[in-house]
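Engineer: Have a peek at coords35.cif (mmCIF, C-alpha atoms and all ligand atoms).
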data_run
#
loop_
_atom_site.group_PDB
_atom_site.id
_atom_site.type_symbol
_atom_site.label_atom_id
_atom_site.label_comp_id
_atom_site.auth_asym_id
_atom_site.auth_seq_id
_atom_site.Cartn_x
_atom_site.Cartn_y
_atom_site.Cartn_z
ATOM 1 C CA MET A 7 -53.550 -49.985 28.363
ATOM 2 C CA LEU A 8 -53.341 -46.289 28.642
ATOM 3 C CA LEU A 9 -52.465 -45.888 24.991
ATOM 4 C CA LYS A 10 -55.344 -48.097 23.955
ATOM 5 C CA SER A 11 -57.950 -46.120 25.840
ATOM 6 C CA CYS A 12 -56.363 -42.953 24.580
ATOM 7 C CA ILE A 13 -56.709 -44.146 20.987
ATOM 8 C CA ARG A 14 -60.302 -45.118 21.621
ATOM 9 C CA SER A 15 -61.221 -41.725 22.986
ATOM 10 C CA LEU A 16 -59.521 -40.029 20.061
ATOM 11 C CA ALA A 17 -61.476 -42.240 17.695
ATOM 12 C CA LEU A 18 -64.698 -41.435 19.502
ATOM 13 C CA ALA A 19 -63.920 -37.777 19.237
ATOM 14 C CA GLY A 20 -63.459 -38.231 15.510
ATOM 15 C CA LEU A 21 -59.896 -37.055 15.720
ATOM 16 C CA LEU A 22 -58.232 -40.187 14.486
ATOM 17 C CA SER A 23 -55.905 -39.538 11.582
ATOM 18 C CA PRO A 24 -52.591 -41.004 10.430
ATOM 19 C CA PHE A 25 -50.975 -38.307 12.521
ATOM 20 C CA GLY A 26 -51.752 -37.393 16.070
ATOM 21 C CA LEU A 27 -51.361 -40.605 18.030
ATOM 22 C CA LEU A 28 -47.772 -40.036 18.969
ATOM 23 C CA ALA A 29 -46.457 -36.823 20.463
ATOM 24 C CA ALA A 30 -43.005 -35.850 19.285
ATOM 25 C CA ASP A 31 -41.556 -35.773 22.798
ATOM 26 C CA SER A 32 -37.947 -35.313 21.800
ATOM 27 C CA ILE A 33 -38.855 -32.280 19.710
ATOM 28 C CA GLU A 34 -38.938 -28.813 21.208
ATOM 29 C CA VAL A 35 -40.161 -25.716 19.417
ATOM 30 C CA SER A 36 -39.213 -22.200 20.489
ATOM 31 C CA ASP A 37 -39.502 -18.635 19.211
ATOM 32 C CA GLY A 38 -42.442 -19.539 17.005
ATOM 33 C CA TRP A 39 -44.540 -16.912 15.228
ATOM 34 C CA VAL A 40 -46.825 -16.485 12.256
ATOM 35 C CA ARG A 41 -46.363 -13.580 9.911
ATOM 36 C CA TRP A 42 -49.278 -11.166 9.901
ATOM 37 C CA MET A 43 -50.899 -10.878 6.509
ATOM 38 C CA PRO A 44 -53.226 -8.289 5.058
ATOM 39 C CA PRO A 45 -56.867 -9.466 4.902
ATOM 40 C CA VAL A 46 -56.680 -9.897 1.118
ATOM 41 C CA ALA A 47 -53.835 -12.418 1.388
ATOM 42 C CA GLU A 48 -54.585 -16.135 1.542
ATOM 43 C CA HIS A 49 -51.146 -17.434 2.402
ATOM 44 C CA THR A 50 -48.626 -16.719 5.086
ATOM 45 C CA ALA A 51 -45.766 -18.464 6.841
ATOM 46 C CA ALA A 52 -44.820 -19.713 10.301
ATOM 47 C CA TYR A 53 -41.293 -19.443 11.651
ATOM 48 C CA MET A 54 -39.676 -21.120 14.657
ATOM 49 C CA VAL A 55 -36.658 -22.945 15.985
ATOM 50 C CA ILE A 56 -37.107 -26.728 16.111
ATOM 51 C CA SER A 57 -34.759 -28.634 18.413
ATOM 52 C CA ASN A 58 -34.263 -32.382 18.507
ATOM 53 C CA HIS A 59 -33.208 -33.810 21.862
ATOM 54 C CA GLY A 60 -33.581 -37.386 20.665
ATOM 55 C CA ASP A 61 -31.088 -39.882 19.294
ATOM 56 C CA GLU A 62 -32.692 -40.110 15.884
ATOM 57 C CA GLU A 63 -32.887 -37.622 13.079
ATOM 58 C CA ARG A 64 -36.403 -36.262 12.664
ATOM 59 C CA ARG A 65 -37.837 -34.833 9.502
ATOM 60 C CA LEU A 66 -40.560 -32.225 9.478
ATOM 61 C CA VAL A 67 -42.826 -33.297 6.628
ATOM 62 C CA GLY A 68 -45.824 -30.971 6.934
ATOM 63 C CA GLY A 69 -48.662 -30.094 9.221
ATOM 64 C CA GLU A 70 -52.247 -29.103 9.763
ATOM 65 C CA ALA A 71 -53.819 -25.855 10.895
ATOM 66 C CA PRO A 72 -57.554 -25.311 11.489
ATOM 67 C CA ARG A 73 -57.450 -21.819 10.001
ATOM 68 C CA PHE A 74 -55.776 -22.950 6.783
ATOM 69 C CA GLY A 75 -56.704 -25.428 4.081
ATOM 70 C CA LYS A 76 -53.176 -26.581 3.424
ATOM 71 C CA VAL A 77 -49.827 -26.628 5.234
ATOM 72 C CA GLU A 78 -46.537 -27.256 3.451
ATOM 73 C CA VAL A 79 -42.834 -27.151 4.176
ATOM 74 C CA HIS A 80 -41.039 -24.555 2.042
ATOM 75 C CA GLU A 81 -37.708 -22.911 1.515
ATOM 76 C CA SER A 82 -37.225 -19.390 0.212
ATOM 77 C CA THR A 83 -34.350 -18.797 -2.106
ATOM 78 C CA GLU A 84 -33.187 -16.008 -4.302
ATOM 79 C CA GLN A 85 -31.993 -16.518 -7.838
ATOM 80 C CA ASP A 86 -30.787 -13.619 -9.945
ATOM 81 C CA GLY A 87 -32.418 -11.202 -7.546
ATOM 82 C CA VAL A 88 -35.788 -12.906 -7.825
ATOM 83 C CA ALA A 89 -37.280 -14.356 -4.651
ATOM 84 C CA ARG A 90 -38.851 -17.769 -5.056
ATOM 85 C CA MET A 91 -39.821 -20.602 -2.853
ATOM 86 C CA ILE A 92 -39.544 -24.314 -3.171
ATOM 87 C CA HIS A 93 -41.941 -26.886 -1.785
ATOM 88 C CA LEU A 94 -39.758 -29.344 0.142
ATOM 89 C CA ASP A 95 -40.554 -32.936 1.020
ATOM 90 C CA TYR A 96 -39.103 -32.357 4.465
ATOM 91 C CA ILE A 97 -36.779 -30.331 6.650
ATOM 92 C CA VAL A 98 -34.212 -32.296 8.634
ATOM 93 C CA VAL A 99 -34.044 -31.692 12.385
ATOM 94 C CA PRO A 100 -30.591 -33.071 13.223
ATOM 95 C CA VAL A 101 -29.842 -35.344 16.181
ATOM 96 C CA HIS A 102 -29.120 -33.241 19.275
ATOM 97 C CA GLY A 103 -29.340 -30.212 17.060
ATOM 98 C CA ALA A 104 -31.770 -27.620 15.826
ATOM 99 C CA VAL A 105 -33.010 -26.074 12.624
ATOM 100 C CA GLU A 106 -34.164 -22.496 12.310
ATOM 101 C CA LEU A 107 -37.157 -21.545 10.218
ATOM 102 C CA LYS A 108 -36.901 -17.843 9.475
ATOM 103 C CA PRO A 109 -37.842 -15.242 6.872
ATOM 104 C CA GLY A 110 -35.799 -15.792 3.733
ATOM 105 C CA GLY A 111 -35.164 -19.463 4.534
ATOM 106 C CA TYR A 112 -37.112 -22.475 5.687
ATOM 107 C CA HIS A 113 -40.705 -21.915 6.719
ATOM 108 C CA VAL A 114 -43.983 -23.674 7.287
ATOM 109 C CA MET A 115 -46.291 -22.355 4.600
ATOM 110 C CA LEU A 116 -49.855 -21.747 5.714
ATOM 111 C CA MET A 117 -52.058 -21.753 2.624
ATOM 112 C CA GLN A 118 -55.709 -21.224 1.741
ATOM 113 C CA ARG A 119 -56.766 -19.217 4.778
ATOM 114 C CA GLN A 120 -60.279 -20.019 5.965
ATOM 115 C CA GLY A 121 -62.511 -17.304 7.352
ATOM 116 C CA ASP A 122 -61.351 -13.959 8.699
ATOM 117 C CA GLY A 123 -57.946 -12.397 8.259
ATOM 118 C CA LEU A 124 -55.340 -12.792 10.958
ATOM 119 C CA GLU A 125 -55.038 -10.176 13.645
ATOM 120 C CA GLU A 126 -51.804 -9.123 15.178
ATOM 121 C CA GLY A 127 -51.375 -10.800 18.562
ATOM 122 C CA GLU A 128 -53.924 -13.561 18.035
ATOM 123 C CA SER A 129 -52.687 -17.119 18.326
ATOM 124 C CA ILE A 130 -52.781 -19.642 15.533
ATOM 125 C CA GLU A 131 -53.012 -23.365 16.124
ATOM 126 C CA LEU A 132 -50.567 -25.416 14.147
ATOM 127 C CA GLN A 133 -49.773 -29.101 14.361
ATOM 128 C CA LEU A 134 -46.409 -30.148 12.961
ATOM 129 C CA HIS A 135 -46.088 -33.585 11.363
ATOM 130 C CA PHE A 136 -42.889 -35.599 11.457
ATOM 131 C CA ASP A 137 -41.666 -38.524 9.378
ATOM 132 C CA ASP A 138 -42.230 -41.078 12.160
ATOM 133 C CA GLY A 139 -45.921 -40.139 12.366
ATOM 134 C CA SER A 140 -45.438 -38.072 15.514
ATOM 135 C CA THR A 141 -46.852 -34.591 15.907
ATOM 136 C CA LYS A 142 -46.234 -31.411 17.828
ATOM 137 C CA GLN A 143 -49.121 -29.131 18.724
ATOM 138 C CA LEU A 144 -48.311 -25.407 18.733
ATOM 139 C CA GLU A 145 -50.034 -22.104 19.313
ATOM 140 C CA LEU A 146 -48.117 -19.342 17.628
ATOM 141 C CA PRO A 147 -48.673 -15.590 17.953
ATOM 142 C CA VAL A 148 -49.323 -13.485 14.863
ATOM 143 C CA GLN A 149 -46.669 -10.814 14.432
ATOM 144 C CA ARG A 150 -45.647 -8.364 11.797
ATOM 145 C CA GLY A 151 -42.514 -9.443 9.978
ATOM 146 C CA ALA A 152 -39.222 -8.428 11.476
ATOM 147 C CA GLY A 153 -38.219 -5.987 8.748
ATOM 148 C CA GLY A 154 -36.001 -6.322 5.706
ATOM 149 C CA HIS A 155 -37.021 -9.111 3.424
ATOM 150 C CA GLY A 156 -40.706 -8.494 2.990
ATOM 151 C CA GLY A 157 -41.123 -12.230 2.554
ATOM 152 C CA HIS A 158 -41.559 -14.079 -0.672
ATOM 153 C CA HIS A 159 -45.257 -13.426 -0.866
ATOM 154 C CA GLY A 160 -45.781 -10.143 -2.599
ATOM 155 C CA GLY A 161 -42.446 -8.684 -1.626
ATOM 156 C CA HIS A 162 -41.008 -7.989 -5.042
ATOM 157 C CA HIS A 163 -38.141 -5.813 -4.007
ATOM 158 C CA ARG A 164 -35.413 -5.683 -1.466
ATOM 159 C CA HIS A 165 -33.552 -2.829 0.128
HETATM 160 CU CU CU A 201 -43.658 -20.511 1.198
#
Would it be possible to restate this file's structure as structure tokens?
Ligand SMILES: [Cu+2]
Structural biologist:
Amino acid sequence: MLLKSCIRSLALAGLLSPFGLLAADSIEVSDGWVRWMPPVAEHTAAYMVISNHGDEERRLVGGEAPRFGKVEVHESTEQDGVARMIHLDYIVVPVHGAVELKPGGYHVMLMQRQGDGLEEGESIELQLHFDDGSTKQLELPVQRGAGGHGGHHGGHHRH
């Protein structure tokens, strides 16, 4: 009953999409942040720790963010001293475990920024999408990167 009327009001609000009907209740996200980017940049990344308290493996397959045209799941790697990143189909969030998205590793790629540049301290809405169709709604603060790597976007050297 409750679910039905919930679906109807979502549909009325025009929010109905393949994702968004089911909240990923067994998923917990902590320490999330979005890397500040200079106004000329169109892409940045979100980092966080995703924990799975459920009895089934969950896979993070992508997401949506109002301020960005496209959201993908990526992994940064380094080959022969050259930083690259790979577009992944998913990141596994293990049963009763956690996966860390951090600079130089897994990240949620926020692409095709819409509108103004990001300001330090502002919060960015991001909805994570999982393989079972469930979602997790987040608001992540914009922060400057925590030193070192310079990211894979325009950081062409390392110290
Ligand atoms: Cu990336």
Engineer: Find the residue from A:Met115, A:Ala29, A:Leu107, A:Val101 that sits nearest to ligand CU 201 (chain A); use only C-alpha atoms and all ligand atoms when measuring.
Structural biologist: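 Closest residue, counting only C-alpha atoms and all ligand atoms: A:Met115.
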Engineer: Let me have all residues with an atom within 9 Å of ligand CU 201 (chain A), counting all atoms listed in the file, laid out as a PyMOL selection string.
Structural biologist: chain A and resi 49-51+78-82+90-93+112-117+157-159
Engineer: Return as AutoDock Vina command-line options the box centre and box size in Å, one decimal, for an axis-aligned box around all listed atoms of region 100-109 of chain A padded by 6 Å per side.
Structural biologist:
--center_x -33.5 --center_y -25.3 --center_z 13.1 --size_x 20.7 --size_y 32.1 --size_z 24.4
Engineer: With distances taken over only C-alpha atoms, which residue among A:Val35, A:Trp42, A:His102, A:Ala71 lies nearest Leu132 (chain A)?
Structural biologist: A:Ala71
Engineer: In terms of the shortest atom-to-atom distance over only C-alpha atoms, which of A:Glu106, A:Asp61, A:Asp37, A:Glu70 is closest to Lys142 (chain A)?
Structural biologist: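 For Lys142 (chain A), the nearest of the given residues is A:Glu70.
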Engineer: Record the distance separating CA of Gly121 (chain A) and CA of His135 (chain A), expressed in Å with one decimal.
Structural biologist: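 Distance reported for this atom pair: 23.5 Å.
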Engineer: Nearest to Glu63 (chain A): which of A:Ile33, A:Val148, A:Leu134, A:Leu28 is it, counting only C-alpha atoms?
Structural biologist: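 Of all the options, A:Ile33 lies closest to Glu63 (chain A).
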Engineer: In Å, rounded to a single decimal, give me how far CA of Arg150 (chain A) is from CA of Ser57 (chain A).
Structural biologist: 23.9 Å
Engineer: To one decimal place, how far is CA of Glu62 (chain A) from CA of Pro100 (chain A) in Å?
Structural biologist: 7.8 Å
Engineer: Within 8 Å of Leu146 (chain A), counting only C-alpha atoms, which residues qualify if same-chain residues fewer than 4 places away don't, as a PyMOL selection string?
Structural biologist: chain A and resi 38-40+129-132
Engineer: Within 6 Å of (-56.8, -26.6, 2.9), in the coordinates the file gives, what residues turn up when you count only C-alpha atoms, written out as a list in words?
Structural biologist: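 With a cut-off of 6 Å, the residues come to Phe74, Gly75, Lys76 and Gln118 of chain A.
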Engineer: Measuring atom to atom with all atoms listed in the file, identify which of A:Tyr53, A:Gly87, A:Asp31, A:Val77 is nearest to Gln149 (chain A).
Structural biologist: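 For Gln149 (chain A), the nearest of the given residues is A:Tyr53.
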Engineer: Taking 2 positions as the minimum chain separation for residues in the same chain, which residues sit within 8 Å of Glu34 (chain A) when counting all atoms listed in the file? Answer as a list in words.
Structural biologist: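 What passes the distance filter is Asp31, Ser32, Ser36, Ile56, Ser57, Asn58 and His59 of chain A.
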Engineer: Complete the atom set of region 61-75 of chain A to N, CA and C atoms and return it as an mmCIF file, in the frame of the given file.
Structural biologist:
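This is the output file part25.cif:
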data_model
loop_
_atom_site.group_PDB
_atom_site.id
_atom_site.type_symbol
_atom_site.label_atom_id
_atom_site.label_comp_id
_atom_site.auth_asym_id
_atom_site.auth_seq_id
_atom_site.Cartn_x
_atom_site.Cartn_y
_atom_site.Cartn_z
ATOM 1 N N ASP A 61 -32.259 -39.227 19.874
ATOM 2 C CA ASP A 61 -31.088 -39.882 19.294
ATOM 3 C C ASP A 61 -31.301 -40.259 17.831
ATOM 4 N N GLU A 62 -32.427 -39.811 17.284
ATOM 5 C CA GLU A 62 -32.692 -40.110 15.884
ATOM 6 C C GLU A 62 -32.989 -38.827 15.149
ATOM 7 N N GLU A 63 -32.533 -38.756 13.913
ATOM 8 C CA GLU A 63 -32.887 -37.622 13.079
ATOM 9 C C GLU A 63 -34.408 -37.590 12.901
ATOM 10 N N ARG A 64 -34.972 -36.410 12.940
ATOM 11 C CA ARG A 64 -36.403 -36.262 12.664
ATOM 12 C C ARG A 64 -36.538 -35.391 11.434
ATOM 13 N N ARG A 65 -37.573 -35.655 10.681
ATOM 14 C CA ARG A 65 -37.837 -34.833 9.502
ATOM 15 C C ARG A 65 -39.221 -34.217 9.630
ATOM 16 N N LEU A 66 -39.273 -32.918 9.487
ATOM 17 C CA LEU A 66 -40.560 -32.225 9.478
ATOM 18 C C LEU A 66 -41.129 -32.360 8.070
ATOM 19 N N VAL A 67 -42.287 -33.016 7.958
ATOM 20 C CA VAL A 67 -42.826 -33.297 6.628
ATOM 21 C C VAL A 67 -44.049 -32.447 6.265
ATOM 22 N N GLY A 68 -44.647 -31.775 7.256
ATOM 23 C CA GLY A 68 -45.824 -30.971 6.934
ATOM 24 C C GLY A 68 -46.582 -30.649 8.203
ATOM 25 N N GLY A 69 -47.873 -30.417 8.039
ATOM 26 C CA GLY A 69 -48.662 -30.094 9.221
ATOM 27 C C GLY A 69 -50.113 -29.872 8.881
ATOM 28 N N GLU A 70 -50.827 -29.417 9.907
ATOM 29 C CA GLU A 70 -52.247 -29.103 9.763
ATOM 30 C C GLU A 70 -52.525 -27.873 10.596
ATOM 31 N N ALA A 71 -53.424 -27.022 10.117
ATOM 32 C CA ALA A 71 -53.819 -25.855 10.895
ATOM 33 C C ALA A 71 -55.291 -25.598 10.621
ATOM 34 N N PRO A 72 -56.111 -25.468 11.685
ATOM 35 C CA PRO A 72 -57.554 -25.311 11.489
ATOM 36 C C PRO A 72 -57.915 -24.094 10.646
ATOM 37 N N ARG A 73 -57.108 -23.044 10.721
ATOM 38 C CA ARG A 73 -57.450 -21.819 10.001
ATOM 39 C C ARG A 73 -56.989 -21.832 8.542
ATOM 40 N N PHE A 74 -56.308 -22.897 8.141
ATOM 41 C CA PHE A 74 -55.776 -22.950 6.783
ATOM 42 C C PHE A 74 -56.120 -24.279 6.122
ATOM 43 N N GLY A 75 -56.326 -24.224 4.808
ATOM 44 C CA GLY A 75 -56.704 -25.428 4.081
ATOM 45 C C GLY A 75 -55.534 -26.357 3.829
#
